[in-house]
$ cat input-v3.pdb   # PDB, C-alpha atoms and all ligand atoms
ATOM      1  CA  GLU Z  17     -31.758 -40.788 -14.213  1.00  0.00           C
ATOM      2  CA  GLY Z  18     -34.133 -43.753 -14.761  1.00  0.00           C
ATOM      3  CA  ALA Z  19     -32.364 -44.916 -17.886  1.00  0.00           C
ATOM      4  CA  SER Z  20     -28.966 -44.928 -16.257  1.00  0.00           C
ATOM      5  CA  ALA Z  21     -30.310 -46.738 -13.176  1.00  0.00           C
ATOM      6  CA  SER Z  22     -31.772 -49.551 -15.296  1.00  0.00           C
ATOM      7  CA  ALA Z  23     -28.598 -49.674 -17.427  1.00  0.00           C
ATOM      8  CA  ALA Z  24     -26.618 -50.188 -14.226  1.00  0.00           C
ATOM      9  CA  THR Z  25     -28.673 -53.275 -13.324  1.00  0.00           C
ATOM     10  CA  GLU Z  26     -28.519 -54.853 -16.810  1.00  0.00           C
ATOM     11  CA  PRO Z  27     -26.082 -57.750 -17.062  1.00  0.00           C
ATOM     12  CA  PRO Z  28     -23.037 -56.867 -19.184  1.00  0.00           C
ATOM     13  CA  LYS Z  29     -23.336 -57.830 -22.872  1.00  0.00           C
ATOM     14  CA  GLN Z  30     -21.063 -60.592 -24.113  1.00  0.00           C
ATOM     15  CA  TYR Z  31     -18.840 -59.547 -26.985  1.00  0.00           C
ATOM     16  CA  PRO Z  32     -16.420 -61.822 -28.857  1.00  0.00           C
ATOM     17  CA  LYS Z  33     -13.222 -62.461 -26.891  1.00  0.00           C
ATOM     18  CA  GLY Z  34     -10.500 -59.908 -27.536  1.00  0.00           C
ATOM     19  CA  VAL Z  35     -12.811 -57.145 -28.794  1.00  0.00           C
ATOM     20  CA  ILE Z  36     -11.672 -53.796 -27.373  1.00  0.00           C
ATOM     21  CA  LEU Z  37     -14.475 -51.811 -25.733  1.00  0.00           C
ATOM     22  CA  GLY Z  38     -14.853 -48.042 -25.770  1.00  0.00           C
ATOM     23  CA  LYS Z  39     -15.391 -45.836 -22.732  1.00  0.00           C
ATOM     24  CA  ASP Z  40     -19.173 -46.426 -23.206  1.00  0.00           C
ATOM     25  CA  GLY Z  41     -18.703 -50.178 -22.684  1.00  0.00           C
ATOM     26  CA  LYS Z  42     -19.596 -50.983 -26.308  1.00  0.00           C
ATOM     27  CA  PRO Z  43     -17.179 -52.343 -28.941  1.00  0.00           C
ATOM     28  CA  CYS Z  44     -14.942 -49.505 -30.115  1.00  0.00           C
ATOM     29  CA  ARG Z  45     -15.075 -49.545 -33.945  1.00  0.00           C
ATOM     30  CA  PRO Z  46     -11.867 -47.579 -34.568  1.00  0.00           C
ATOM     31  CA  CYS Z  47     -10.014 -49.787 -32.040  1.00  0.00           C
ATOM     32  CA  ASN Z  48     -10.826 -53.161 -33.653  1.00  0.00           C
ATOM     33  CA  THR Z  49     -10.528 -54.805 -37.032  1.00  0.00           C
ATOM     34  CA  PHE Z  50     -13.795 -55.036 -38.935  1.00  0.00           C
ATOM     35  CA  ALA Z  51     -13.460 -58.831 -38.911  1.00  0.00           C
ATOM     36  CA  SER Z  52     -13.340 -58.978 -35.123  1.00  0.00           C
ATOM     37  CA  PHE Z  53     -16.776 -57.476 -34.603  1.00  0.00           C
ATOM     38  CA  THR Z  54     -18.758 -58.613 -37.653  1.00  0.00           C
ATOM     39  CA  ALA Z  55     -20.960 -61.703 -37.968  1.00  0.00           C
ATOM     40  CA  GLN Z  56     -18.925 -64.829 -37.495  1.00  0.00           C
ATOM     41  CA  SER Z  57     -20.123 -66.989 -40.437  1.00  0.00           C
ATOM     42  CA  LYS Z  58     -17.175 -68.387 -42.392  1.00  0.00           C
ATOM     43  CA  SER Z  59     -17.896 -66.509 -45.642  1.00  0.00           C
ATOM     44  CA  THR Z  60     -18.533 -63.087 -44.055  1.00  0.00           C
ATOM     45  CA  LEU Z  61     -15.522 -63.531 -41.777  1.00  0.00           C
ATOM     46  CA  LYS Z  62     -13.271 -64.250 -44.769  1.00  0.00           C
ATOM     47  CA  ALA Z  63     -14.661 -61.260 -46.693  1.00  0.00           C
ATOM     48  CA  ALA Z  64     -14.315 -58.996 -43.667  1.00  0.00           C
ATOM     49  CA  ALA Z  65     -10.751 -60.126 -43.023  1.00  0.00           C
ATOM     50  CA  THR Z  66      -9.640 -59.547 -46.592  1.00  0.00           C
ATOM     51  CA  GLN Z  67     -11.634 -56.454 -47.542  1.00  0.00           C
ATOM     52  CA  GLY Z  68     -12.211 -54.554 -44.311  1.00  0.00           C
ATOM     53  CA  PRO Z  69     -15.352 -52.475 -43.825  1.00  0.00           C
ATOM     54  CA  PRO Z  70     -17.388 -51.294 -46.838  1.00  0.00           C
ATOM     55  CA  LYS Z  71     -16.284 -47.861 -48.096  1.00  0.00           C
ATOM     56  CA  ASP Z  72     -19.360 -46.103 -46.703  1.00  0.00           C
ATOM     57  CA  CYS Z  73     -19.140 -47.607 -43.187  1.00  0.00           C
ATOM     58  CA  PRO Z  74     -17.283 -46.193 -40.165  1.00  0.00           C
ATOM     59  CA  PRO Z  75     -13.579 -47.084 -40.335  1.00  0.00           C
ATOM     60  CA  ASP Z  76     -12.016 -49.961 -38.448  1.00  0.00           C
ATOM     61  CA  VAL Z  77      -8.586 -49.714 -36.796  1.00  0.00           C
ATOM     62  CA  GLU Z  78      -6.738 -50.549 -40.046  1.00  0.00           C
ATOM     63  CA  GLN Z  79      -8.597 -48.195 -42.377  1.00  0.00           C
ATOM     64  CA  LEU Z  80      -8.335 -45.387 -39.849  1.00  0.00           C
ATOM     65  CA  GLY Z  81      -4.627 -46.140 -39.372  1.00  0.00           C
ATOM     66  CA  ARG Z  82      -3.799 -46.138 -43.106  1.00  0.00           C
ATOM     67  CA  SER Z  83      -5.694 -42.878 -43.678  1.00  0.00           C
ATOM     68  CA  THR Z  84      -4.071 -41.262 -40.660  1.00  0.00           C
ATOM     69  CA  TRP Z  85      -0.521 -42.252 -41.627  1.00  0.00           C
ATOM     70  CA  THR Z  86      -1.254 -40.850 -45.098  1.00  0.00           C
ATOM     71  CA  LEU Z  87      -2.258 -37.526 -43.545  1.00  0.00           C
ATOM     72  CA  LEU Z  88       0.662 -37.415 -41.086  1.00  0.00           C
ATOM     73  CA  HIS Z  89       3.360 -38.321 -43.631  1.00  0.00           C
ATOM     74  CA  SER Z  90       1.822 -35.845 -46.093  1.00  0.00           C
ATOM     75  CA  ILE Z  91       2.039 -33.146 -43.427  1.00  0.00           C
ATOM     76  CA  ALA Z  92       5.728 -34.062 -43.011  1.00  0.00           C
ATOM     77  CA  ALA Z  93       6.191 -33.902 -46.802  1.00  0.00           C
ATOM     78  CA  THR Z  94       4.875 -30.328 -46.908  1.00  0.00           C
ATOM     79  CA  TYR Z  95       6.576 -29.192 -43.682  1.00  0.00           C
ATOM     80  CA  PRO Z  96       9.143 -26.474 -44.477  1.00  0.00           C
ATOM     81  CA  PRO Z  97      12.818 -27.430 -44.887  1.00  0.00           C
ATOM     82  CA  ARG Z  98      13.621 -24.437 -42.647  1.00  0.00           C
ATOM     83  CA  PRO Z  99      10.621 -23.854 -40.356  1.00  0.00           C
ATOM     84  CA  THR Z 100      10.167 -20.719 -38.277  1.00  0.00           C
ATOM     85  CA  PRO Z 101      10.004 -21.077 -34.466  1.00  0.00           C
ATOM     86  CA  LYS Z 102       6.185 -20.667 -34.737  1.00  0.00           C
ATOM     87  CA  GLU Z 103       5.938 -23.461 -37.343  1.00  0.00           C
ATOM     88  CA  GLN Z 104       8.017 -25.682 -35.079  1.00  0.00           C
ATOM     89  CA  SER Z 105       5.841 -25.040 -32.043  1.00  0.00           C
ATOM     90  CA  ASP Z 106       2.660 -25.504 -34.153  1.00  0.00           C
ATOM     91  CA  ILE Z 107       3.687 -28.979 -35.327  1.00  0.00           C
ATOM     92  CA  LYS Z 108       4.677 -29.985 -31.782  1.00  0.00           C
ATOM     93  CA  ASP Z 109       1.311 -28.744 -30.445  1.00  0.00           C
ATOM     94  CA  PHE Z 110      -0.462 -30.573 -33.264  1.00  0.00           C
ATOM     95  CA  MET Z 111       1.261 -33.888 -32.515  1.00  0.00           C
ATOM     96  CA  ARG Z 112       0.608 -33.542 -28.789  1.00  0.00           C
ATOM     97  CA  LEU Z 113      -3.104 -32.884 -29.358  1.00  0.00           C
ATOM     98  CA  PHE Z 114      -3.298 -35.524 -32.084  1.00  0.00           C
ATOM     99  CA  SER Z 115      -1.949 -38.150 -29.685  1.00  0.00           C
ATOM    100  CA  LYS Z 116      -4.694 -37.255 -27.214  1.00  0.00           C
ATOM    101  CA  LEU Z 117      -7.540 -37.160 -29.730  1.00  0.00           C
ATOM    102  CA  TYR Z 118      -6.762 -40.226 -31.869  1.00  0.00           C
ATOM    103  CA  PRO Z 119     -10.056 -42.170 -32.011  1.00  0.00           C
ATOM    104  CA  CYS Z 120      -8.538 -45.600 -31.231  1.00  0.00           C
ATOM    105  CA  TRP Z 121      -7.963 -45.027 -27.519  1.00  0.00           C
ATOM    106  CA  VAL Z 122      -5.625 -47.984 -27.016  1.00  0.00           C
ATOM    107  CA  CYS Z 123      -3.496 -46.777 -29.943  1.00  0.00           C
ATOM    108  CA  ALA Z 124      -3.613 -43.220 -28.560  1.00  0.00           C
ATOM    109  CA  GLU Z 125      -2.395 -44.271 -25.095  1.00  0.00           C
ATOM    110  CA  ASP Z 126       0.679 -45.997 -26.517  1.00  0.00           C
ATOM    111  CA  PHE Z 127       1.349 -43.138 -28.926  1.00  0.00           C
ATOM    112  CA  GLN Z 128       1.157 -40.588 -26.095  1.00  0.00           C
ATOM    113  CA  SER Z 129       3.766 -42.578 -24.149  1.00  0.00           C
ATOM    114  CA  TYR Z 130       5.961 -42.633 -27.254  1.00  0.00           C
ATOM    115  CA  VAL Z 131       5.673 -38.849 -27.732  1.00  0.00           C
ATOM    116  CA  GLU Z 132       6.559 -38.323 -24.063  1.00  0.00           C
ATOM    117  CA  LYS Z 133       9.586 -40.626 -24.354  1.00  0.00           C
ATOM    118  CA  LYS Z 134      10.805 -39.473 -27.781  1.00  0.00           C
ATOM    119  CA  GLU Z 135      10.153 -35.760 -28.050  1.00  0.00           C
ATOM    120  CA  VAL Z 136       8.892 -34.568 -31.460  1.00  0.00           C
ATOM    121  CA  LYS Z 137      11.815 -33.346 -33.596  1.00  0.00           C
ATOM    122  CA  ALA Z 138      10.723 -30.460 -35.791  1.00  0.00           C
ATOM    123  CA  GLY Z 139      13.867 -28.462 -36.656  1.00  0.00           C
ATOM    124  CA  SER Z 140      13.485 -29.192 -40.394  1.00  0.00           C
ATOM    125  CA  ARG Z 141      11.400 -31.250 -42.831  1.00  0.00           C
ATOM    126  CA  GLU Z 142      14.071 -33.941 -42.788  1.00  0.00           C
ATOM    127  CA  GLU Z 143      14.091 -34.048 -39.002  1.00  0.00           C
ATOM    128  CA  PHE Z 144      10.300 -34.212 -38.651  1.00  0.00           C
ATOM    129  CA  GLY Z 145       9.922 -36.727 -41.509  1.00  0.00           C
ATOM    130  CA  ASN Z 146      12.474 -39.016 -39.876  1.00  0.00           C
ATOM    131  CA  TRP Z 147      10.957 -38.617 -36.416  1.00  0.00           C
ATOM    132  CA  LEU Z 148       7.543 -39.564 -37.811  1.00  0.00           C
ATOM    133  CA  CYS Z 149       8.977 -42.506 -39.744  1.00  0.00           C
ATOM    134  CA  GLU Z 150      10.572 -43.819 -36.534  1.00  0.00           C
ATOM    135  CA  ALA Z 151       7.287 -43.334 -34.663  1.00  0.00           C
ATOM    136  CA  HIS Z 152       5.443 -45.298 -37.385  1.00  0.00           C
ATOM    137  CA  ASN Z 153       8.111 -48.019 -37.179  1.00  0.00           C
ATOM    138  CA  GLU Z 154       7.519 -48.300 -33.431  1.00  0.00           C
ATOM    139  CA  VAL Z 155       3.842 -49.094 -34.182  1.00  0.00           C
ATOM    140  CA  ASN Z 156       4.913 -51.485 -36.968  1.00  0.00           C
ATOM    141  CA  ARG Z 157       7.121 -53.356 -34.485  1.00  0.00           C
ATOM    142  CA  LYS Z 158       4.333 -53.524 -31.914  1.00  0.00           C
ATOM    143  CA  LEU Z 159       2.009 -55.055 -34.540  1.00  0.00           C
ATOM    144  CA  GLY Z 160       4.647 -57.454 -35.896  1.00  0.00           C
ATOM    145  CA  LYS Z 161       4.773 -55.661 -39.279  1.00  0.00           C
ATOM    146  CA  PRO Z 162       8.028 -55.111 -41.196  1.00  0.00           C
ATOM    147  CA  THR Z 163       9.781 -51.842 -40.418  1.00  0.00           C
ATOM    148  CA  PHE Z 164      10.240 -49.239 -43.150  1.00  0.00           C
ATOM    149  CA  ASP Z 165      13.655 -47.938 -44.298  1.00  0.00           C
ATOM    150  CA  CYS Z 166      13.462 -44.318 -43.108  1.00  0.00           C
ATOM    151  CA  SER Z 167      16.059 -43.148 -45.652  1.00  0.00           C
ATOM    152  CA  LYS Z 168      13.220 -43.685 -48.159  1.00  0.00           C
ATOM    153  CA  TRP Z 169      10.408 -41.782 -46.418  1.00  0.00           C
ATOM    154  CA  GLU Z 170      10.686 -38.795 -48.762  1.00  0.00           C
ATOM    155  CA  GLU Z 171      10.497 -40.965 -51.875  1.00  0.00           C
ATOM    156  CA  ARG Z 172       7.428 -42.728 -50.465  1.00  0.00           C
ATOM    157  CA  TRP Z 173       5.597 -39.586 -49.335  1.00  0.00           C
ATOM    158  CA  ARG Z 174       6.971 -36.539 -51.211  1.00  0.00           C
ATOM    159  CA  THR Z 175       8.935 -37.020 -54.417  1.00  0.00           C
ATOM    160  CA  GLY Z 176       7.832 -40.439 -55.639  1.00  0.00           C
ATOM    161  CA  TRP Z 177      10.234 -43.343 -56.233  1.00  0.00           C
ATOM    162  CA  LYS Z 178      13.501 -42.716 -58.066  1.00  0.00           C
ATOM    163  CA  ASP Z 179      13.719 -44.631 -61.370  1.00  0.00           C
TER     164      ASP Z 179
HETATM  165  P1  LIG Z 201       0.217 -48.726 -42.440  1.00  0.00           P
HETATM  166  O1  LIG Z 201       1.042 -49.044 -41.232  1.00  0.00           O
HETATM  167  O2  LIG Z 201      -1.083 -48.034 -42.234  1.00  0.00           O
HETATM  168  O3  LIG Z 201       1.133 -47.856 -43.421  1.00  0.00           O
HETATM  169  C1  LIG Z 201       0.638 -47.266 -44.617  1.00  0.00           C
HETATM  170  C2  LIG Z 201       1.785 -47.159 -45.606  1.00  0.00           C
HETATM  171  O4  LIG Z 201       2.821 -46.373 -45.033  1.00  0.00           O
HETATM  172  C3  LIG Z 201       2.481 -48.496 -45.901  1.00  0.00           C
HETATM  173  O5  LIG Z 201       1.820 -49.177 -46.927  1.00  0.00           O
HETATM  174  C4  LIG Z 201       3.904 -48.083 -46.265  1.00  0.00           C
HETATM  175  O6  LIG Z 201       3.994 -47.752 -47.650  1.00  0.00           O
HETATM  176  C5  LIG Z 201       4.115 -46.805 -45.469  1.00  0.00           C
HETATM  177  N1  LIG Z 201       4.914 -47.004 -44.256  1.00  0.00           N
HETATM  178  C6  LIG Z 201       4.970 -48.070 -43.427  1.00  0.00           C
HETATM  179  N2  LIG Z 201       5.783 -47.840 -42.397  1.00  0.00           N
HETATM  180  C7  LIG Z 201       6.265 -46.579 -42.577  1.00  0.00           C
HETATM  181  C8  LIG Z 201       7.162 -45.756 -41.857  1.00  0.00           C
HETATM  182  N3  LIG Z 201       7.763 -46.183 -40.727  1.00  0.00           N
HETATM  183  N4  LIG Z 201       7.437 -44.527 -42.330  1.00  0.00           N
HETATM  184  C9  LIG Z 201       6.885 -44.064 -43.488  1.00  0.00           C
HETATM  185  N5  LIG Z 201       6.011 -44.805 -44.208  1.00  0.00           N
HETATM  186  C10 LIG Z 201       5.714 -46.054 -43.763  1.00  0.00           C
HETATM  187  N6  LIG Z 201      -3.224 -50.452 -35.047  1.00  0.00           N
HETATM  188  C11 LIG Z 201      -3.375 -51.392 -34.084  1.00  0.00           C
HETATM  189  O7  LIG Z 201      -3.902 -52.472 -34.354  1.00  0.00           O
HETATM  190  N7  LIG Z 201      -2.919 -51.152 -32.795  1.00  0.00           N
HETATM  191  C12 LIG Z 201      -2.320 -49.983 -32.447  1.00  0.00           C
HETATM  192  O8  LIG Z 201      -1.957 -49.782 -31.281  1.00  0.00           O
HETATM  193  C13 LIG Z 201      -2.182 -48.969 -33.449  1.00  0.00           C
HETATM  194  N8  LIG Z 201      -1.628 -47.756 -33.148  1.00  0.00           N
HETATM  195  C14 LIG Z 201      -1.611 -46.779 -34.101  1.00  0.00           C
HETATM  196  C15 LIG Z 201      -1.125 -45.517 -33.757  1.00  0.00           C
HETATM  197  C16 LIG Z 201      -1.148 -44.490 -34.685  1.00  0.00           C
HETATM  198  C17 LIG Z 201      -0.657 -43.124 -34.294  1.00  0.00           C
HETATM  199  C18 LIG Z 201      -1.664 -44.720 -35.992  1.00  0.00           C
HETATM  200  C19 LIG Z 201      -1.726 -43.592 -36.993  1.00  0.00           C
HETATM  201  C20 LIG Z 201      -2.112 -45.970 -36.349  1.00  0.00           C
HETATM  202  C21 LIG Z 201      -2.099 -47.026 -35.412  1.00  0.00           C
HETATM  203  N9  LIG Z 201      -2.556 -48.300 -35.740  1.00  0.00           N
HETATM  204  C22 LIG Z 201      -2.661 -49.262 -34.766  1.00  0.00           C
HETATM  205  C23 LIG Z 201      -2.890 -48.644 -37.144  1.00  0.00           C
HETATM  206  C24 LIG Z 201      -1.674 -49.315 -37.826  1.00  0.00           C
HETATM  207  O9  LIG Z 201      -0.491 -48.540 -37.645  1.00  0.00           O
HETATM  208  C25 LIG Z 201      -1.876 -49.491 -39.342  1.00  0.00           C
HETATM  209  O10 LIG Z 201      -2.236 -48.250 -39.922  1.00  0.00           O
HETATM  210  C26 LIG Z 201      -2.902 -50.530 -39.737  1.00  0.00           C
HETATM  211  O11 LIG Z 201      -2.611 -51.766 -39.122  1.00  0.00           O
HETATM  212  C27 LIG Z 201      -2.917 -50.727 -41.289  1.00  0.00           C
HETATM  213  O12 LIG Z 201      -1.606 -51.157 -41.657  1.00  0.00           O
HETATM  214  P2  LIG Z 201      -1.044 -51.237 -43.108  1.00  0.00           P
HETATM  215  O13 LIG Z 201      -0.249 -52.519 -43.163  1.00  0.00           O
HETATM  216  O14 LIG Z 201      -2.105 -51.047 -44.118  1.00  0.00           O
HETATM  217  O15 LIG Z 201       0.025 -50.046 -43.289  1.00  0.00           O
END
$ encode --input "input-v3.pdb" --output "structure tokens"
Amino acid sequence: EGASASAATEPPKQYPKGVILGKDGKPCRPCNTFASFTAQSKSTLKAAATQGPPKDCPPDVEQLGRSTWTLLHSIAATYPPRPTPKEQSDIKDFMRLFSKLYPCWVCAEDFQSYVEKKEVKAGSREEFGNWLCEAHNEVNRKLGKPTFDCSKWEERWRTGWKD
């Protein structure tokens, strides 16, 4: 009681402009780049921008994103070529829950809208792999990154590159 009453009267903390806050009002680590919430001296800023967070620190938005895409595309790579109805409903349930639970809440909100707009396609490995590749490309476009040629998703994530 007391703690929350005094917290309510405290003036809001000032965080660097553009830093995304979490539901607790504090900077949301998995929503921001490491550089955007670390000390602002020139040398640390340069290191943070090029290296990201140290390996044993909580992930920033980029490290979390890379690891998550690795997991999702690897799930697509091992999804059956001819899934049963249960396997199809499992992957759809998984993606729906995933889009709700993703730790970067701003990313999650946009991804939920995408999943509502473009229903998960899970009729085969090829179908799900392509759906996921298109979903990743939508995020790439939003962030101004190059899009990926989805005819190559299987080489990137399942078979390895052809010689
Ligand atoms: P990543 O985009 O992480 O990609 C990793 C590797 O996947 C690439 O090196 C490439 O080899 C391969 N790849 C690239 N595109 C495709 C594709 N279309 N299909 C198959 N393989 C591909 N970050 C934000 O700042 N804001 C957001 O709103 C945001 N939303 C996200 C939503 C989700 C669901 C996820 C998983 C991540 C989100 N991210 C967001 C993180 C962002 O997508 C990147 O992961 C992060 O910026 C690091 O990018 P990267 O350049 O290392 O490559």
$ residues_near_ligand --input "input-v3.pdb" --ligand "ligand LIG 201 (chain Z)" --cutoff "8 Å" --atoms "only C-alpha atoms and all ligand atoms" --output "PyMOL selection string"
chain Z and resi 47-49+77-86+88-89+115+118+120+122-124+126-127+146+148-156+158-159+161-166+168-169+172-173
$ resolve_selection --input "input-v3.pdb" --expression "the PyMOL selection byres (((chain Z and resi 135) around 12) and not hetatm)" --output "list in words"
Ile107, Lys108, Asp109, Met111, Arg112, Phe127, Gln128, Ser129, Tyr130, Val131, Glu132, Lys133, Lys134, Val136, Lys137, Ala138, Gly139, Glu143, Phe144, Trp147, Leu148, Glu150 and Ala151 of chain Z
$ atom_distance --input "input-v3.pdb" --atom1 "atom CA of Z:Glu103" --atom2 "atom CA of Z:Thr175"
22.0 Å
$ residues_around --input "input-v3.pdb" --residues "stretch 39-44 of chain Z" --least-positions-apart "5" --cutoff "10 Å" --atoms "all atoms listed in the file" --output "MDAnalysis selection string"
chainID Z and resid 28:32 49 52:53 76:77 119:122
$ write_last_selection --input "input-v3.pdb" --atoms "C-alpha atoms" --output "PDB file, in the frame of the given file"
ATOM      1  CA  PRO Z  28     -23.037 -56.867 -19.184  1.00  0.00           C
ATOM      2  CA  LYS Z  29     -23.336 -57.830 -22.872  1.00  0.00           C
ATOM      3  CA  GLN Z  30     -21.063 -60.592 -24.113  1.00  0.00           C
ATOM      4  CA  TYR Z  31     -18.840 -59.547 -26.985  1.00  0.00           C
ATOM      5  CA  PRO Z  32     -16.420 -61.822 -28.857  1.00  0.00           C
ATOM      6  CA  THR Z  49     -10.528 -54.805 -37.032  1.00  0.00           C
ATOM      7  CA  SER Z  52     -13.340 -58.978 -35.123  1.00  0.00           C
ATOM      8  CA  PHE Z  53     -16.776 -57.476 -34.603  1.00  0.00           C
ATOM      9  CA  ASP Z  76     -12.016 -49.961 -38.448  1.00  0.00           C
ATOM     10  CA  VAL Z  77      -8.586 -49.714 -36.796  1.00  0.00           C
ATOM     11  CA  PRO Z 119     -10.056 -42.170 -32.011  1.00  0.00           C
ATOM     12  CA  CYS Z 120      -8.538 -45.600 -31.231  1.00  0.00           C
ATOM     13  CA  TRP Z 121      -7.963 -45.027 -27.519  1.00  0.00           C
ATOM     14  CA  VAL Z 122      -5.625 -47.984 -27.016  1.00  0.00           C
TER      15      VAL Z 122
END
$ atom_distance --input "input-v3.pdb" --atom1 "atom CA of Z:Gly160" --atom2 "atom CA of Z:Pro46"
19.3 Å
$ residues_around --input "input-v3.pdb" --residues "Z:Arg174" --least-positions-apart "2" --cutoff "9 Å" --atoms "only C-alpha atoms" --output "tab-separated table (two decimals) with C-alpha atoms, keeping the file's coordinate frame"
chain	number	residue	atom	x	y	z
Z	89	HIS	CA	3.36	-38.32	-43.63
Z	90	SER	CA	1.82	-35.84	-46.09
Z	92	ALA	CA	5.73	-34.06	-43.01
Z	93	ALA	CA	6.19	-33.90	-46.80
Z	94	THR	CA	4.88	-30.33	-46.91
Z	169	TRP	CA	10.41	-41.78	-46.42
Z	170	GLU	CA	10.69	-38.80	-48.76
Z	171	GLU	CA	10.50	-40.96	-51.88
Z	172	ARG	CA	7.43	-42.73	-50.46
Z	176	GLY	CA	7.83	-40.44	-55.64
$ atom_distance --input "input-v3.pdb" --atom1 "atom CA of Z:Glu125" --atom2 "atom CA of Z:Ser140"
26.7 Å
$ axis_aligned_box --input "input-v3.pdb" --around "stretch 115-125 of chain Z" --padding-each-side "8 Å" --output "AutoDock Vina command-line options"
--center_x -6.0 --center_y -42.6 --center_z -28.6 --size_x 24.1 --size_y 26.8 --size_z 22.9
